[in-house]
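start_32.cif, holding mmCIF, C-alpha atoms:
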data_protein
loop_
_atom_site.label_atom_id
_atom_site.label_comp_id
_atom_site.auth_asym_id
_atom_site.auth_seq_id
_atom_site.Cartn_x
_atom_site.Cartn_y
_atom_site.Cartn_z
CA MET H 2 -123.71 25.26 147.60
CA PRO H 3 -123.22 21.83 145.96
CA LEU H 4 -123.36 18.89 148.32
CA GLU H 5 -120.41 16.49 148.33
CA SER H 6 -122.65 13.58 149.32
CA PRO H 7 -126.31 12.94 148.46
CA GLN H 8 -129.34 12.44 150.58
CA ALA H 9 -130.05 8.77 151.27
CA GLU H 10 -132.71 8.46 148.58
CA HIS H 11 -130.21 9.60 145.93
CA GLU H 12 -127.42 7.16 146.83
CA ASP H 13 -127.70 5.08 143.62
CA ASN H 14 -127.90 8.24 141.51
CA TRP H 15 -124.79 9.64 143.20
CA ILE H 16 -122.82 6.50 142.32
CA ALA H 17 -123.90 6.90 138.69
CA LEU H 18 -122.85 10.56 138.70
CA GLN H 19 -119.43 9.72 140.13
CA ARG H 20 -118.89 7.19 137.34
CA CYS H 21 -119.70 9.97 134.91
CA GLY H 22 -116.97 12.11 136.47
CA TRP H 23 -118.96 14.43 138.74
CA LYS H 24 -117.50 15.32 142.16
CA SER H 25 -120.46 17.36 143.44
CA PHE H 26 -124.12 17.92 142.65
CA ASN H 27 -126.77 20.14 144.18
CA TRP H 28 -129.52 17.68 145.11
CA ASN H 29 -131.60 20.43 146.69
CA VAL H 30 -131.94 22.23 143.36
CA ILE H 31 -132.56 19.24 141.10
CA PRO H 32 -133.65 16.21 143.18
CA LEU H 33 -134.19 14.00 140.14
CA HIS H 34 -134.19 10.32 139.35
CA LEU H 35 -131.61 9.12 136.85
CA HIS H 36 -131.92 6.64 134.02
CA LYS H 37 -128.96 5.20 132.12
CA PHE H 38 -129.39 5.07 128.34
CA ALA H 39 -127.33 5.42 125.17
CA LEU H 40 -126.56 8.61 123.30
CA ILE H 41 -125.56 7.97 119.70
CA PHE H 42 -124.86 9.78 116.46
CA PRO H 43 -126.50 7.49 113.87
CA PHE H 44 -125.69 7.07 110.21
CA LYS H 45 -128.53 5.82 108.02
CA SER H 46 -128.38 4.45 104.51
CA LEU H 47 -131.47 3.66 102.43
CA THR H 48 -131.18 0.74 100.02
CA GLY H 49 -133.52 -1.36 97.95
CA ARG H 50 -132.63 -4.47 99.98
CA LEU H 51 -130.29 -5.70 102.66
CA PRO H 52 -126.84 -6.82 101.43
CA LYS H 53 -125.77 -10.44 101.62
CA LEU H 54 -122.76 -11.40 103.69
CA GLY H 55 -119.69 -9.68 102.22
CA GLU H 56 -121.70 -7.93 99.49
CA THR H 57 -121.47 -4.24 98.60
CA ILE H 58 -124.64 -2.68 97.22
CA HIS H 59 -125.69 0.81 96.08
CA GLY H 60 -127.74 3.00 98.36
CA HIS H 61 -130.06 5.75 97.15
CA LYS H 62 -129.99 8.00 100.22
CA PHE H 63 -127.70 8.66 103.19
CA PHE H 64 -128.18 10.95 106.16
CA THR H 65 -127.07 11.44 109.74
CA GLY H 66 -128.95 12.64 112.76
CA PHE H 67 -129.09 12.49 116.52
CA GLY H 68 -130.22 9.42 118.41
CA GLY H 69 -129.88 7.36 121.57
CA LYS H 70 -132.85 6.39 123.71
CA GLY H 71 -132.22 8.75 126.60
CA ALA H 72 -131.47 11.73 124.38
CA ASN H 73 -134.45 10.93 122.14
CA GLN H 74 -136.88 10.86 125.04
CA CYS H 75 -135.38 14.03 126.50
CA VAL H 76 -135.72 15.89 123.19
CA GLN H 77 -139.32 14.79 122.61
CA ALA H 78 -140.35 15.86 126.12
CA ALA H 79 -138.57 19.21 125.64
CA ARG H 80 -140.29 19.85 122.31
CA LEU H 81 -143.65 19.36 124.01
CA GLY H 82 -142.73 22.02 126.56
CA ALA H 83 -141.25 20.04 129.46
CA LYS H 84 -138.33 21.44 131.46
CA THR H 85 -135.73 18.74 130.91
CA SER H 86 -132.04 18.22 131.61
CA ILE H 87 -129.48 15.58 130.75
CA ILE H 88 -126.27 14.40 132.37
CA CYS H 89 -123.83 12.66 130.05
CA LYS H 90 -120.35 12.51 128.60
CA VAL H 91 -119.67 12.85 124.91
CA GLY H 92 -116.40 12.50 123.07
CA LYS H 93 -114.19 15.49 122.46
CA ASP H 94 -114.85 15.17 118.74
CA SER H 95 -116.98 16.75 116.04
CA PHE H 96 -119.93 14.48 116.83
CA GLY H 97 -119.79 15.43 120.49
CA ASN H 98 -119.64 19.12 119.60
CA ASP H 99 -122.61 18.71 117.27
CA TYR H 100 -124.62 16.87 119.92
CA ILE H 101 -124.05 19.63 122.47
CA GLN H 102 -125.31 22.17 119.93
CA ASN H 103 -128.31 19.92 119.26
CA PHE H 104 -129.20 19.95 122.95
CA LYS H 105 -128.97 23.75 123.01
CA LYS H 106 -131.09 24.00 119.86
CA ASN H 107 -133.80 21.99 121.60
CA GLY H 108 -133.65 24.14 124.74
CA ILE H 109 -131.97 21.46 126.86
CA PRO H 110 -129.40 22.79 129.38
CA THR H 111 -125.86 21.49 128.81
CA GLU H 112 -124.15 22.44 132.06
CA PHE H 113 -124.06 18.75 133.01
CA VAL H 114 -122.76 17.59 129.60
CA SER H 115 -119.00 17.05 129.65
CA GLN H 116 -116.52 15.98 126.98
CA THR H 117 -113.72 13.46 127.22
CA GLU H 118 -110.76 12.51 125.05
CA ASP H 119 -110.77 8.97 126.48
CA ALA H 120 -113.81 7.79 124.50
CA ALA H 121 -115.66 8.60 121.31
CA THR H 122 -119.18 9.99 121.19
CA GLY H 123 -121.69 7.16 121.29
CA ALA H 124 -120.93 5.80 124.76
CA ALA H 125 -123.61 5.28 127.39
CA SER H 126 -125.09 8.35 129.06
CA ILE H 127 -127.27 9.29 132.00
CA ILE H 128 -130.57 11.09 131.51
CA VAL H 129 -132.20 13.13 134.20
CA ASP H 130 -135.95 12.61 134.30
CA SER H 131 -137.96 15.32 136.04
CA GLN H 132 -141.06 13.27 136.78
CA VAL H 133 -142.62 12.96 140.20
CA LYS H 134 -143.23 9.34 139.28
CA THR H 135 -140.45 7.02 138.17
CA LEU H 136 -140.90 6.01 134.53
CA PHE H 137 -138.49 3.21 133.59
CA ASN H 138 -137.82 2.14 130.00
CA PRO H 139 -135.70 -1.06 130.15
CA ALA H 140 -133.73 -0.62 126.94
CA PRO H 141 -131.61 -2.46 126.14
CA ALA H 142 -133.42 -5.16 128.09
CA LEU H 143 -131.63 -7.71 130.25
CA ALA H 144 -133.06 -11.12 131.14
CA ASP H 145 -131.36 -10.91 134.55
CA LEU H 146 -132.39 -7.33 135.28
CA ASP H 147 -131.78 -6.35 138.91
CA PRO H 148 -135.13 -6.92 140.72
CA ARG H 149 -134.84 -3.49 142.35
CA PHE H 150 -135.63 -1.86 139.00
CA TYR H 151 -139.13 -3.31 139.23
CA THR H 152 -139.76 -2.36 142.85
CA TYR H 153 -138.34 1.16 142.40
CA SER H 154 -140.41 1.86 139.28
CA ASP H 155 -143.85 3.43 139.42
CA ILE H 156 -144.26 2.73 135.70
CA ILE H 157 -142.27 0.34 133.53
CA CYS H 158 -142.70 0.74 129.77
CA CYS H 159 -141.25 -1.76 127.30
CA ASN H 160 -141.82 -2.81 123.69
CA GLU H 161 -142.51 -6.33 122.38
CA SER H 162 -138.89 -7.47 122.11
CA GLU H 163 -137.92 -6.00 125.48
CA ALA H 164 -140.98 -7.64 127.05
CA GLU H 165 -139.94 -11.05 125.73
CA ILE H 166 -136.39 -10.68 127.04
CA LEU H 167 -137.64 -9.62 130.47
CA THR H 168 -140.34 -12.29 130.87
CA GLY H 169 -139.71 -15.02 128.28
CA ILE H 170 -143.18 -14.41 126.84
CA ALA H 171 -143.27 -13.82 123.07
CA VAL H 172 -145.57 -10.87 122.38
CA CYS H 173 -147.57 -11.52 119.22
CA ASN H 174 -150.85 -9.86 120.14
CA VAL H 175 -152.71 -7.80 122.72
CA GLU H 176 -153.38 -10.81 124.93
CA ASP H 177 -149.67 -11.66 125.12
CA ALA H 178 -148.91 -8.07 126.09
CA GLY H 179 -151.43 -8.32 128.90
CA ARG H 180 -149.76 -11.46 130.22
CA VAL H 181 -146.41 -9.67 130.23
CA GLY H 182 -147.92 -6.79 132.15
CA LEU H 183 -149.21 -9.09 134.86
CA VAL H 184 -145.80 -10.73 135.24
CA LEU H 185 -144.14 -7.32 135.61
CA LEU H 186 -146.68 -6.35 138.28
CA GLU H 187 -145.82 -9.53 140.18
CA ARG H 188 -142.18 -8.42 140.16
CA GLY H 189 -143.02 -5.23 142.01
CA CYS H 190 -143.80 -2.34 139.63
CA LYS H 191 -147.04 -0.42 140.15
CA THR H 192 -147.98 -0.04 136.47
CA ALA H 193 -146.76 -1.86 133.35
CA ILE H 194 -147.11 -0.65 129.76
CA VAL H 195 -146.24 -2.78 126.74
CA THR H 196 -146.05 -0.89 123.46
CA LEU H 197 -147.20 -2.61 120.28
CA GLY H 198 -146.09 -0.29 117.49
CA PRO H 199 -149.00 0.53 115.17
CA GLU H 200 -151.37 -1.38 117.48
CA GLY H 201 -150.86 1.10 120.33
CA CYS H 202 -150.13 -0.28 123.78
CA VAL H 203 -151.48 -2.34 126.66
CA MET H 204 -151.60 -1.07 130.23
CA VAL H 205 -152.09 -2.93 133.49
CA SER H 206 -151.78 -1.64 137.04
CA LYS H 207 -152.19 -2.75 140.62
CA GLU H 208 -155.38 -0.66 140.78
CA GLU H 209 -156.75 -2.11 137.52
CA SER H 210 -155.32 -5.59 137.12
CA ALA H 211 -157.36 -6.35 133.99
CA PRO H 212 -155.11 -5.51 130.98
CA LYS H 213 -156.47 -2.68 128.85
CA HIS H 214 -155.65 -2.11 125.19
CA VAL H 215 -155.13 1.51 124.15
CA PRO H 216 -155.13 1.52 120.32
CA ALA H 217 -153.24 3.95 118.10
CA GLN H 218 -154.71 5.75 115.11
CA LYS H 219 -153.84 4.32 111.71
CA VAL H 220 -151.34 6.36 109.70
CA THR H 221 -149.05 5.79 106.73
CA SER H 222 -145.57 5.22 108.15
CA VAL H 223 -142.47 6.57 106.44
CA ASP H 224 -139.84 5.77 109.09
CA THR H 225 -140.60 4.14 112.45
CA THR H 226 -137.10 4.69 113.90
CA GLY H 227 -137.36 6.26 117.34
CA ALA H 228 -141.16 6.08 117.52
CA GLY H 229 -141.00 4.24 120.84
CA ASP H 230 -138.79 6.96 122.29
CA SER H 231 -141.21 9.60 121.04
CA PHE H 232 -143.97 7.74 122.89
CA VAL H 233 -141.97 7.50 126.13
CA GLY H 234 -140.88 11.13 125.92
CA ALA H 235 -144.48 12.24 125.41
CA LEU H 236 -145.67 10.07 128.30
CA ALA H 237 -142.98 11.56 130.56
CA PHE H 238 -144.20 15.03 129.58
CA TYR H 239 -147.80 14.23 130.46
CA LEU H 240 -146.83 12.64 133.78
CA ALA H 241 -144.91 15.76 134.75
CA TYR H 242 -147.29 18.46 133.49
CA TYR H 243 -150.73 16.82 133.63
CA PRO H 244 -150.42 14.49 136.64
CA THR H 245 -154.17 14.54 137.37
CA TRP H 246 -155.09 13.08 133.99
CA PRO H 247 -156.05 9.39 133.87
CA LEU H 248 -153.14 7.28 132.63
CA GLU H 249 -155.26 5.93 129.77
CA GLU H 250 -155.75 9.47 128.46
CA MET H 251 -152.01 10.12 128.65
CA LEU H 252 -151.35 6.94 126.68
CA ARG H 253 -153.86 7.85 123.96
CA LYS H 254 -152.22 11.23 123.50
CA ALA H 255 -148.70 9.75 123.60
CA ASN H 256 -149.83 7.30 120.90
CA ARG H 257 -150.95 10.23 118.75
CA ILE H 258 -147.64 12.05 119.13
CA ALA H 259 -145.68 8.90 118.26
CA SER H 260 -147.95 8.46 115.22
CA VAL H 261 -146.90 11.91 114.03
CA SER H 262 -143.21 10.99 114.34
CA VAL H 263 -143.47 7.95 112.03
CA GLN H 264 -144.80 10.11 109.18
CA ALA H 265 -141.43 11.80 108.65
CA MET H 266 -137.89 10.53 108.05
CA GLY H 267 -135.28 10.45 110.78
CA THR H 268 -135.29 10.05 114.54
CA GLN H 269 -135.20 13.30 116.50
CA SER H 270 -135.74 15.24 113.28
CA SER H 271 -139.20 13.63 113.06
CA TYR H 272 -140.27 14.58 116.59
CA PRO H 273 -143.02 17.21 116.59
CA TYR H 274 -142.97 20.50 118.48
CA ARG H 275 -145.91 21.49 120.64
CA LYS H 276 -146.76 24.44 118.37
CA ASP H 277 -147.26 22.05 115.43
CA LEU H 278 -149.64 19.70 117.27
CA PRO H 279 -153.42 19.93 117.76
CA GLN H 280 -154.24 21.82 120.94
CA ASP H 281 -156.54 19.05 122.14
CA LEU H 282 -153.36 17.16 123.03
CA PHE H 283 -152.71 19.67 125.83
#
How does the structure come out when it is put into structure tokens?
Amino acid sequence: MPLESPQAEHEDNWIALQRCGWKSFNWNVIPLHLHKFALIFPFKSLTGRLPKLGETIHGHKFFTGFGGKGANQCVQAARLGAKTSIICKVGKDSFGNDYIQNFKKNGIPTEFVSQTEDAATGAASIIVDSQVKTLFNPAPALADLDPRFYTYSDIICCNESEAEILTGIAVCNVEDAGRVGLVLLERGCKTAIVTLGPEGCVMVSKEESAPKHVPAQKVTSVDTTGAGDSFVGALAFYLAYYPTWPLEEMLRKANRIASVSVQAMGTQSSYPYRKDLPQDLF
């Protein structure tokens, strides 16, 4: 029987659900933490260079796909074998219909995906994250982020640009990333991870306050779009299904999965399935 009001620990999540149009939710069945992210239907054009202001240039390739940080992370975790779910609204349009089918294709339940005629697909959405720990990806980052996000987060994971917005520290190398991590710990999170693209990531925690660099393997990149979301989705999977592993091991494996994604074109279309990955990742 759905509950009309949540347990105390779900109060903020309940407010988010109400804004998304839900009047009831069974917290006993799915007592999950919610993250608010974007769900988008991207259009990508490949050109030899960027156009100047007001200029029209020829492109040599055009394609569409599925994107949005929350949806990306949900899809990557699902492809690795995690039991995931998503709560969102999409437009009552062809893109919304396609996105619902994309969720189903990836084995993601859609009973909490609704459609509206009041907005087009591409609006903000809410992702349900089934981790025991709270993994927070502050994207898009806000300089005046509510301090409770830090104290409520077991792990906060941000990239270089997000890290600079949050802390004012420009991240140009591993040492800068370590400084960011220490600042985030001071604000209340238990563990901070700063991703560095092809250089891997840096982790720092209250248990191990000395920043540690976790490098990524070198690969030839074709398209880096969505690589960070692949990393976060993989990390969420490991936190949920291999909770006894050391965090450093999870990060090394998440780095490897993200490295696979950059070797193919597209966002979600580049995300690997578990069956196509080396078994030593599991």
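Minimum distance to Gln269 of chain H across H:Phe150, H:Tyr239, H:Phe104, H:Phe96 (counting all atoms listed in the file) occurs at H:Phe104.
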List the spatial neighbours of Met251 of chain H as a ChimeraX atom specification - criterion: any atom at most 9 Å away, all atoms listed in the file, same-chain residues fewer than 4 positions off excluded.
/H:235-236,239-240,243,246-247,255-256
At most 9 Å from (-132.8, 12.7, 123.8), file frame, all atoms listed in the file: which residues, as a VMD selection string?
chain H and resid 40 67 to 79 87 104 128 230 234 269
Point-to-point distance in Å for atom CA of Gly82 of chain H and atom CA of Gly108 of chain H:
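Rounded to one decimal, the two atoms are 9.5 Å apart.
Each of H:Met266, H:Val175, H:Leu183, H:Ala140 was compared to Thr196 of chain H using all atoms listed in the file, and H:Val175 turns out to be the nearest.
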Set the distance at 10 Å and use all atoms listed in the file: which residues neighbour Val223 of chain H once local chain neighbours fewer than 2 positions away are removed? I'd like the list as a PyMOL selection string.
chain H and resi 220-221+225-226+262-267
Select, from H:Ile109, H:Leu186, H:Leu278, H:Cys158, the residue with the minimum atom-to-atom distance to Gly229 of chain H, counting only C-alpha atoms.
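Among H:Ile109, H:Leu186, H:Leu278, H:Cys158, it is H:Cys158 that comes nearest to Gly229 of chain H.
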Applied to the shown file, which residues does the PyMOL selection byres ((chain H and resi 170) around 12) return, written as an mmCIF file with C-alpha atoms, in the frame of the given file?
data_model
loop_
_atom_site.group_PDB
_atom_site.id
_atom_site.type_symbol
_atom_site.label_atom_id
_atom_site.label_comp_id
_atom_site.auth_asym_id
_atom_site.auth_seq_id
_atom_site.Cartn_x
_atom_site.Cartn_y
_atom_site.Cartn_z
ATOM 1 C CA ALA H 144 -133.060 -11.120 131.140
ATOM 2 C CA GLU H 161 -142.510 -6.330 122.380
ATOM 3 C CA SER H 162 -138.890 -7.470 122.110
ATOM 4 C CA GLU H 163 -137.920 -6.000 125.480
ATOM 5 C CA ALA H 164 -140.980 -7.640 127.050
ATOM 6 C CA GLU H 165 -139.940 -11.050 125.730
ATOM 7 C CA ILE H 166 -136.390 -10.680 127.040
ATOM 8 C CA LEU H 167 -137.640 -9.620 130.470
ATOM 9 C CA THR H 168 -140.340 -12.290 130.870
ATOM 10 C CA GLY H 169 -139.710 -15.020 128.280
ATOM 11 C CA ALA H 171 -143.270 -13.820 123.070
ATOM 12 C CA VAL H 172 -145.570 -10.870 122.380
ATOM 13 C CA CYS H 173 -147.570 -11.520 119.220
ATOM 14 C CA ASN H 174 -150.850 -9.860 120.140
ATOM 15 C CA GLU H 176 -153.380 -10.810 124.930
ATOM 16 C CA ASP H 177 -149.670 -11.660 125.120
ATOM 17 C CA ALA H 178 -148.910 -8.070 126.090
ATOM 18 C CA GLY H 179 -151.430 -8.320 128.900
ATOM 19 C CA ARG H 180 -149.760 -11.460 130.220
ATOM 20 C CA VAL H 181 -146.410 -9.670 130.230
ATOM 21 C CA GLY H 182 -147.920 -6.790 132.150
ATOM 22 C CA LEU H 183 -149.210 -9.090 134.860
ATOM 23 C CA VAL H 184 -145.800 -10.730 135.240
ATOM 24 C CA LEU H 185 -144.140 -7.320 135.610
#
Name the closest residue to Leu81 of chain H among the candidates H:Val205, H:Phe238, H:Ser260, H:Lys105; distances are taken between atoms, counting all atoms listed in the file.
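Looking at the shortest contact to Leu81 of chain H, the residue is H:Phe238.
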For a test of reading the model, state the distance in Å between atom CA of Ser231 of chain H and atom CA of Val91 of chain H, rounded to one decimal.
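Between atom CA of Ser231 of chain H and atom CA of Val91 of chain H the gap works out to 22.1 Å.
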